[in-house]
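Here's my_file_8.csv, which has CSV, C-alpha atoms and all ligand atoms:
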chain,number,residue,atom,x,y,z
A,734,MET,CA,34.2,-27.9,29.2
A,735,THR,CA,35.5,-24.4,28.6
A,736,SER,CA,34.5,-22.0,31.3
A,737,PHE,CA,33.9,-18.3,30.7
A,738,SER,CA,34.2,-17.0,34.3
A,739,ASP,CA,35.6,-13.7,33.3
A,740,PRO,CA,34.8,-12.5,29.9
A,741,ASN,CA,37.4,-9.7,30.3
A,742,ASP,CA,40.2,-12.1,30.9
A,743,ILE,CA,41.8,-11.8,27.5
A,744,GLU,CA,44.9,-13.6,28.5
A,745,ASN,CA,43.2,-16.9,28.9
A,746,GLN,CA,40.7,-16.8,26.0
A,747,LYS,CA,40.6,-16.9,22.3
A,748,ILE,CA,39.3,-14.1,20.2
A,749,GLY,CA,36.3,-16.1,18.9
A,750,GLU,CA,35.2,-17.1,22.4
A,751,ILE,CA,35.6,-13.5,23.6
A,752,PHE,CA,33.5,-12.3,20.7
A,753,GLN,CA,30.8,-14.8,21.3
A,754,GLN,CA,30.6,-14.0,25.0
A,755,GLN,CA,30.9,-10.2,24.8
A,756,THR,CA,28.3,-9.9,22.1
A,757,LYS,CA,25.6,-11.8,24.1
A,758,TYR,CA,22.4,-10.0,24.9
A,759,ASN,CA,21.9,-10.2,28.6
A,760,PRO,CA,18.5,-9.3,30.2
A,761,ASP,CA,20.3,-7.7,33.2
A,762,LYS,CA,22.5,-5.5,31.0
A,763,LEU,CA,20.3,-4.5,28.1
A,764,THR,CA,20.2,-0.7,28.0
A,765,ASP,CA,18.2,1.6,25.9
A,766,TYR,CA,20.1,2.8,22.9
A,767,ALA,CA,18.7,5.7,20.9
A,768,LEU,CA,19.4,5.5,17.3
A,769,ASP,CA,20.8,8.6,15.7
A,770,TRP,CA,18.8,8.8,12.5
A,771,SER,CA,20.9,11.7,11.2
A,772,ARG,CA,23.9,9.3,11.1
A,773,ARG,CA,22.1,6.4,9.5
A,774,PRO,CA,24.5,5.0,6.8
A,775,ASP,CA,23.4,5.0,3.2
A,776,PRO,CA,21.6,1.7,2.6
A,777,PHE,CA,23.0,1.5,-0.9
A,778,LYS,CA,26.5,1.6,-2.3
A,779,ASN,CA,27.3,3.4,-5.6
A,780,HIS,CA,30.8,3.6,-7.0
A,781,GLU,CA,31.8,7.1,-7.9
A,782,SER,CA,33.1,6.4,-11.4
A,783,PRO,CA,32.7,2.8,-12.6
A,784,LEU,CA,34.0,2.0,-16.0
A,785,ALA,CA,30.4,1.4,-17.2
A,786,TYR,CA,26.9,0.7,-16.1
A,787,ILE,CA,25.4,-2.5,-17.4
A,788,SER,CA,21.7,-3.0,-17.4
A,789,LEU,CA,20.3,-6.4,-16.6
A,790,PRO,CA,17.2,-8.0,-18.1
A,791,ASP,CA,14.2,-8.4,-15.8
A,792,PRO,CA,14.5,-11.6,-13.9
A,793,GLU,CA,12.1,-13.8,-15.9
A,794,ILE,CA,11.5,-17.0,-14.1
A,795,LYS,CA,10.3,-19.6,-16.7
A,796,THR,CA,10.7,-22.8,-14.9
A,797,ASP,CA,8.3,-23.8,-12.2
A,798,ALA,CA,10.8,-25.3,-9.8
A,799,ASN,CA,9.4,-27.2,-6.9
A,800,LEU,CA,10.9,-25.9,-3.6
A,801,TRP,CA,10.8,-29.3,-1.9
A,802,ARG,CA,12.6,-31.0,-4.8
A,803,LEU,CA,15.2,-28.2,-4.8
A,804,LEU,CA,15.8,-28.6,-1.0
A,805,ARG,CA,16.2,-32.4,-1.5
A,806,GLN,CA,18.5,-32.1,-4.5
A,807,ARG,CA,20.8,-29.2,-3.7
A,808,ARG,CA,24.4,-30.1,-3.3
A,809,SER,CA,27.6,-28.1,-3.5
A,810,ILE,CA,28.8,-28.5,-7.1
A,811,ARG,CA,32.5,-28.1,-7.8
A,812,ASP,CA,32.9,-29.6,-11.2
A,813,TYR,CA,31.7,-27.4,-14.0
A,814,ASN,CA,31.6,-27.5,-17.8
A,815,ALA,CA,34.0,-24.6,-18.3
A,816,GLU,CA,33.2,-24.2,-22.0
A,817,ARG,CA,29.5,-23.4,-21.8
A,818,GLY,CA,28.5,-19.8,-21.2
A,819,LEU,CA,25.8,-18.5,-19.0
A,820,ASP,CA,23.4,-15.8,-20.3
A,821,LYS,CA,22.5,-12.6,-18.6
A,822,GLY,CA,19.0,-13.9,-18.0
A,823,HIS,CA,20.5,-16.5,-15.6
A,824,LEU,CA,22.6,-13.9,-13.9
A,825,SER,CA,19.5,-11.7,-13.4
A,826,ILE,CA,17.6,-14.5,-11.8
A,827,LEU,CA,20.5,-15.4,-9.5
A,828,LEU,CA,21.0,-11.8,-8.4
A,829,TRP,CA,17.3,-11.3,-7.9
A,830,ALA,CA,17.0,-14.5,-5.8
A,831,MET,CA,19.9,-13.3,-3.6
A,832,GLN,CA,19.1,-9.7,-3.1
A,833,GLY,CA,16.1,-8.7,-5.2
A,834,ILE,CA,13.9,-5.9,-3.8
A,835,THR,CA,10.4,-7.3,-3.3
A,836,ALA,CA,8.6,-4.7,-1.3
A,837,LYS,CA,9.0,-1.1,0.1
A,838,TYR,CA,8.1,-0.4,3.7
A,839,GLY,CA,8.7,3.3,4.5
A,840,GLU,CA,12.4,3.9,4.2
A,841,TYR,CA,13.1,0.2,3.9
A,842,HIS,CA,13.5,-1.8,0.7
A,843,LEU,CA,12.7,-5.3,1.7
A,844,ARG,CA,14.4,-8.2,-0.2
A,845,THR,CA,14.2,-11.8,-1.1
A,846,ALA,CA,16.5,-12.7,1.8
A,847,PRO,CA,15.9,-11.5,5.4
A,848,SER,CA,18.3,-9.1,7.1
A,849,ALA,CA,18.6,-8.1,10.7
A,850,GLY,CA,16.7,-4.8,11.2
A,851,ALA,CA,16.2,-4.7,7.4
A,852,LEU,CA,19.6,-3.0,7.2
A,853,TYR,CA,21.1,-5.1,4.4
A,854,PRO,CA,24.8,-4.6,5.1
A,855,VAL,CA,25.9,-7.2,2.5
A,856,GLU,CA,27.0,-6.0,-1.0
A,857,THR,CA,27.3,-8.4,-3.9
A,858,TYR,CA,30.2,-8.3,-6.4
A,859,ILE,CA,30.6,-10.7,-9.3
A,860,PHE,CA,33.6,-12.0,-11.3
A,861,SER,CA,32.0,-12.8,-14.7
A,862,ARG,CA,34.3,-15.3,-16.4
A,863,SER,CA,31.9,-16.6,-19.1
A,864,ILE,CA,28.6,-14.7,-19.4
A,865,GLU,CA,27.3,-14.0,-22.9
A,866,GLY,CA,27.1,-10.2,-23.5
A,867,LEU,CA,29.2,-9.4,-20.4
A,868,GLU,CA,32.9,-8.6,-20.6
A,869,THR,CA,35.1,-10.7,-18.4
A,870,GLY,CA,35.7,-8.7,-15.3
A,871,ILE,CA,34.7,-7.6,-11.8
A,872,TYR,CA,31.3,-5.9,-11.3
A,873,HIS,CA,29.2,-4.6,-8.4
A,874,PHE,CA,25.5,-5.3,-8.3
A,875,ARG,CA,23.1,-2.4,-7.4
A,876,PRO,CA,19.8,-4.0,-6.2
A,877,GLN,CA,18.1,-0.6,-6.0
A,878,VAL,CA,18.6,0.0,-9.7
A,879,PHE,CA,19.0,-3.6,-10.7
A,880,ASP,CA,22.1,-3.1,-12.7
A,881,LEU,CA,25.9,-3.7,-12.6
A,882,GLU,CA,28.7,-1.3,-12.3
A,883,LEU,CA,31.8,-2.5,-14.2
A,884,LEU,CA,34.8,-2.0,-11.9
A,885,LYS,CA,37.6,-3.8,-13.6
A,886,ARG,CA,38.0,-5.5,-17.0
A,887,GLY,CA,40.0,-8.7,-17.2
A,888,ASP,CA,40.4,-12.3,-16.2
A,889,TYR,CA,40.7,-12.4,-12.4
A,890,ALA,CA,40.2,-16.2,-12.2
A,891,ARG,CA,43.9,-16.9,-11.3
A,892,GLU,CA,44.0,-14.1,-8.7
A,893,LEU,CA,40.7,-15.3,-7.2
A,894,THR,CA,41.9,-18.9,-7.1
A,895,ASP,CA,45.1,-17.8,-5.3
A,896,ALA,CA,42.9,-15.7,-3.0
A,897,THR,CA,40.7,-18.7,-2.1
A,898,LEU,CA,43.6,-20.9,-1.0
A,899,GLY,CA,44.1,-22.4,-4.5
A,900,GLN,CA,40.4,-23.4,-5.1
A,901,THR,CA,40.5,-23.9,-8.9
A,902,ILE,CA,36.7,-24.1,-9.1
A,903,VAL,CA,36.9,-20.3,-9.7
A,904,MET,CA,38.6,-21.0,-13.0
A,905,LEU,CA,35.9,-23.4,-14.2
A,906,ALA,CA,32.8,-21.5,-12.9
A,907,GLN,CA,31.0,-19.2,-15.2
A,908,VAL,CA,30.5,-16.7,-12.4
A,909,THR,CA,31.8,-16.2,-8.9
A,910,PHE,CA,29.9,-14.1,-6.4
A,911,VAL,CA,31.7,-12.2,-3.7
A,912,TRP,CA,29.8,-10.8,-0.7
A,913,SER,CA,31.2,-8.0,1.4
A,914,ALA,CA,29.8,-6.3,4.4
A,915,MET,CA,29.4,-2.5,4.8
A,916,VAL,CA,29.9,-2.9,8.5
A,917,GLU,CA,28.6,0.5,9.7
A,918,ARG,CA,25.2,-0.2,8.2
A,919,SER,CA,24.6,-2.8,10.8
A,920,LYS,CA,26.8,-1.4,13.6
A,921,TRP,CA,24.8,1.9,13.5
A,922,LYS,CA,22.1,-0.1,15.2
A,923,TYR,CA,23.6,-3.2,16.7
A,924,ARG,CA,27.1,-2.1,17.6
A,925,GLN,CA,29.5,-5.1,18.1
A,926,ARG,CA,26.6,-7.6,17.9
A,927,ALA,CA,26.3,-6.5,14.3
A,928,TYR,CA,29.1,-8.8,13.3
A,929,ARG,CA,27.0,-11.8,14.2
A,930,TYR,CA,24.1,-10.5,12.1
A,931,ILE,CA,26.2,-9.8,9.1
A,932,TYR,CA,27.4,-13.4,8.9
A,933,LEU,CA,23.8,-14.6,9.4
A,934,ASP,CA,22.6,-12.3,6.6
A,935,ALA,CA,25.2,-13.7,4.3
A,936,GLY,CA,24.2,-17.3,5.0
A,937,HIS,CA,20.6,-16.5,4.0
A,938,ILE,CA,21.8,-14.9,0.8
A,939,ALA,CA,24.0,-17.9,-0.1
A,940,GLN,CA,21.2,-20.4,0.5
A,941,ASN,CA,18.9,-18.4,-1.8
A,942,LEU,CA,21.7,-18.6,-4.4
A,943,TYR,CA,22.1,-22.4,-3.9
A,944,LEU,CA,18.3,-22.9,-4.4
A,945,ALA,CA,18.0,-20.5,-7.4
A,946,ALA,CA,21.0,-22.2,-9.1
A,947,GLU,CA,19.5,-25.6,-8.6
A,948,GLY,CA,16.2,-24.3,-10.0
A,949,LEU,CA,18.0,-23.2,-13.1
A,950,GLY,CA,19.9,-26.5,-13.6
A,951,LEU,CA,23.1,-24.8,-12.4
A,952,GLY,CA,25.4,-25.8,-9.6
A,953,ALA,CA,26.7,-23.6,-6.8
A,954,CYS,CA,29.5,-23.9,-4.2
A,955,ALA,CA,30.0,-21.7,-1.2
A,956,ILE,CA,33.5,-20.5,-0.4
A,957,GLY,CA,34.5,-19.5,3.1
A,958,ALA,CA,38.1,-20.4,2.8
A,959,LEU,CA,39.7,-17.2,1.5
A,960,PHE,CA,42.5,-14.8,2.2
A,961,ASP,CA,40.4,-11.8,3.2
A,962,ASP,CA,42.7,-9.0,2.2
A,963,SER,CA,43.6,-10.6,-1.1
A,964,VAL,CA,39.9,-10.6,-2.1
A,965,ASN,CA,39.5,-7.1,-0.6
A,966,THR,CA,42.3,-5.8,-2.8
A,967,ILE,CA,40.7,-7.4,-5.9
A,968,LEU,CA,37.4,-5.6,-5.0
A,969,GLY,CA,39.1,-2.4,-4.2
A,970,ILE,CA,37.7,-2.2,-0.6
A,971,ASP,CA,39.5,-1.3,2.6
A,972,GLY,CA,38.9,-4.5,4.6
A,973,ILE,CA,37.6,-2.6,7.7
A,974,LYS,CA,34.7,-0.4,6.8
A,975,GLU,CA,33.8,-2.8,4.0
A,976,THR,CA,35.3,-6.3,4.0
A,977,VAL,CA,34.7,-9.6,2.2
A,978,ILE,CA,32.8,-12.2,4.1
A,979,TYR,CA,31.9,-15.0,1.8
A,980,MET,CA,32.0,-16.2,-1.8
A,981,ALA,CA,30.3,-18.7,-4.1
A,982,THR,CA,30.8,-20.1,-7.5
A,983,VAL,CA,28.1,-21.0,-10.0
A,984,GLY,CA,28.4,-23.0,-13.2
A,985,TRP,CA,27.0,-25.7,-15.4
A,986,PRO,CA,27.4,-29.0,-13.7
A,987,LYS,CA,29.5,-31.5,-15.7
B,1,LIG,C1,30.3,-21.3,5.5
B,1,LIG,C2,30.6,-22.3,4.4
B,1,LIG,C3,31.9,-22.3,3.9
B,1,LIG,C4,32.2,-23.1,2.9
B,1,LIG,N1,33.4,-23.0,2.2
B,1,LIG,C5,33.7,-23.9,1.2
B,1,LIG,C6,35.0,-23.7,0.5
B,1,LIG,O1,35.8,-22.8,0.8
B,1,LIG,N2,35.2,-24.6,-0.5
B,1,LIG,C7,34.4,-25.6,-0.8
B,1,LIG,O2,34.7,-26.3,-1.8
B,1,LIG,N3,33.2,-25.7,-0.2
B,1,LIG,C8,32.8,-24.9,0.8
B,1,LIG,N4,31.6,-25.0,1.4
B,1,LIG,C9,30.7,-26.1,1.0
B,1,LIG,C10,30.7,-27.2,2.0
B,1,LIG,O3,31.8,-28.0,1.9
B,1,LIG,C11,29.4,-28.1,1.8
B,1,LIG,O4,28.2,-27.3,2.0
B,1,LIG,C12,29.4,-29.3,2.7
B,1,LIG,O5,30.4,-30.2,2.4
B,1,LIG,C13,28.0,-30.0,2.6
B,1,LIG,O6,27.8,-30.4,1.3
B,1,LIG,P1,26.5,-30.0,0.4
B,1,LIG,O7,26.6,-28.5,0.3
B,1,LIG,O8,26.7,-30.6,-0.9
B,1,LIG,O9,25.3,-30.4,1.1
B,1,LIG,C14,31.3,-24.1,2.4
B,1,LIG,C15,30.0,-24.2,3.0
B,1,LIG,C16,29.7,-23.2,4.0
B,1,LIG,C17,28.3,-23.3,4.5

Would you write out, as structure tokens, the structure that this file holds?
Ligand SMILES: Cc1cc2nc3c(=O)[nH]c(=O)nc-3n(C[C@H](O)[C@H](O)[C@H](O)COP(=O)(O)O)c2cc1C
Amino acid sequence: MTSFSDPNDIENQKIGEIFQQQTKYNPDKLTDYALDWSRRPDPFKNHESPLAYISLPDPEIKTDANLWRLLRQRRSIRDYNAERGLDKGHLSILLWAMQGITAKYGEYHLRTAPSAGALYPVETYIFSRSIEGLETGIYHFRPQVFDLELLKRGDYARELTDATLGQTIVMLAQVTFVWSAMVERSKWKYRQRAYRYIYLDAGHIAQNLYLAAEGLGLGACAIGALFDDSVNTILGIDGIKETVIYMATVGWPK
């Protein structure tokens, strides 16, 4: 069994183990930490000059999907019918299921997926390959407005495939979701422990996507195997203050 006698002994430990040990809450060491509300990061990201703003239809849920059936049936689907398009209504429902704002509580905009401290550090980007009425390109989702910012026109399927260690599912999927973390949003409160919570938040979001896709008759597949900085470059983010953490494809199952 690995022993962690000295958490500061970097020579003899691996970074993941150091991280896990040094971000533990410990009842003997827990100190009061006053939040500086004047330095609270903006809870929402807006791009300064996107190519366009694209409105989305209200998420109109027509099917009465049964949660227990969805839980039983959900699988990671990697083989899609590449020819068939998705419509914007599907996209709206998927985005709402992942990150829709469902209540307001003081300063906080609560969402479909839980988030540590209601800080919502995760941003959602999409690569739309085949969605009717939406140009092929890279977009950023704004949950507070419920719209998309068009960031880049063009087919990024090849680049995203290369950036996901050659996973060609990106070339077949109608849409690929990319989740990044605005690290400071969570670090402002949780400091280094924030990194744990960011990944947990992303997991909740992805499971909501899986279940919503299943409810719509679509298939989803999570992607954790990715070259971080290649994806960061595609999104136009710095990889430090904001960095990719997770992705998922969605398409019509074959
Ligand atoms: C964190 C995480 C990362 C994953 N990364 C990938 C991936 O890069 N490529 C892929 O094809 N599947 C990926 N998956 C899907 C898993 O392979 C899949 O969930 C697992 O085999 C169980 O199958 P199921 O989802 O159909 O139940 C990932 C799943 C998780 C939770």

Practice problem: Write out as a PyMOL selection string the residues lying within 12 Å of region 842-851 of chain A, counting all atoms listed in the file and excluding same-chain residues fewer than 2 positions away. | Solution: chain A and resi 776-777+826-840+853-855+876-878+918-923+926-942+945

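For the choices A:Ile864, A:Ala958, A:Leu804, A:Leu784, the atom-to-atom distance to ligand LIG 1 (chain B) is smallest for A:Ala958 when using only C-alpha atoms and all ligand atoms.
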
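All protein and nucleic acid residues in the vicinity of (43.9, -16.9, -3.3), that is within 10 Å when counting all atoms listed in the file, are Ala890, Arg891, Glu892, Leu893, Thr894, Asp895, Ala896, Thr897, Leu898, Gly899, Gln900, Thr901, Ala958, Leu959, Phe960, Asp961, Asp962, Ser963 and Val964 of chain A.
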
Near Leu789 (chain A), within 8 Å and counting all atoms listed in the file, which residues show up once chain neighbours fewer than 3 positions away are dropped, as an mmCIF file with C-alpha atoms, in the frame of the given file?
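The file below, result30.cif, is the result:
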data_model
loop_
_atom_site.group_PDB
_atom_site.id
_atom_site.type_symbol
_atom_site.label_atom_id
_atom_site.label_comp_id
_atom_site.auth_asym_id
_atom_site.auth_seq_id
_atom_site.Cartn_x
_atom_site.Cartn_y
_atom_site.Cartn_z
ATOM 1 C CA LYS A 821 22.500 -12.600 -18.600
ATOM 2 C CA GLY A 822 19.000 -13.900 -18.000
ATOM 3 C CA SER A 825 19.500 -11.700 -13.400
ATOM 4 C CA PHE A 879 19.000 -3.600 -10.700
ATOM 5 C CA ASP A 880 22.100 -3.100 -12.700
ATOM 6 C CA LEU A 881 25.900 -3.700 -12.600
#

Output as a tab-separated table one row per residue of chain A within 6 Å of ligand LIG 1 (chain B): the closest atom pair and its distance in Å to one decimal place, counting all atoms listed in the file, sorted by chain and residue number ascending.
residue	atom	partner	partner_atom	distance
A:Arg808	CA	B:LIG1	O8	3.4
A:Ser809	CA	B:LIG1	O8	3.7
A:Cys954	CA	B:LIG1	N3	5.7
A:Ala955	CA	B:LIG1	N4	4.5
A:Ile956	CA	B:LIG1	O1	3.5
A:Gly957	CA	B:LIG1	N1	3.8
A:Ala958	CA	B:LIG1	O1	3.9

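Separating CA of Glu868 (chain A) from CA of Gly969 (chain A) is a distance of 18.6 Å.
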
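Of the listed residues A:Met904, A:Gly948, A:Glu816, A:Ile871, the one whose atoms come nearest to Arg802 (chain A) is A:Gly948, with distances taken using all atoms listed in the file.
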
Exercise. Give me the residues within 9 Å of region 950-953 of chain A as an MDAnalysis selection string, counting all atoms listed in the file and dropping any in the same chain fewer than 2 places off.
Key: chainID A and resid 807:813 906 942:948 955 981:986

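Our summary of the geometry notes that CA of Glu781 (chain A) is positioned 14.2 Å from CA of Leu968 (chain A).
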
Quiz prompt | Residues within 6 Å of region 908-914 of chain A, only C-alpha atoms, excluding chain neighbours under 4 positions, as a list in words | solution = Pro854, Val855, Glu856, Thr857, Tyr858, Ile859, Phe860, Ser861, Arg862, Glu975, Thr976, Val977, Ile978, Tyr979, Met980, Ala981, Thr982 and Val983 of chain A

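Of the listed residues A:Arg924, A:Asp797, A:His823, A:Ser788, the one whose atoms come nearest to Tyr766 (chain A) is A:Arg924, with distances taken using only C-alpha atoms.
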
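Across the structure, CA of Ile787 (chain A) and CA of Leu867 (chain A) are spaced 8.4 Å apart.
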
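Residue nearest Phe874 (chain A) within the list A:Arg817, A:Lys987, A:His780, A:Arg805: A:His780 [criterion: smallest interatomic distance, only C-alpha atoms].
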
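Residues surrounding Ser782 (chain A) within 12 Å are Glu882, Leu883, Leu884 and Lys885 of chain A [all atoms listed in the file; sequence separation below 5 positions excluded].
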
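Between Leu824 (chain A) and the candidates A:Gln925, A:Thr966, A:Asn779, A:Ser863, the tightest atom-to-atom separation, counting all atoms listed in the file, involves A:Ser863.
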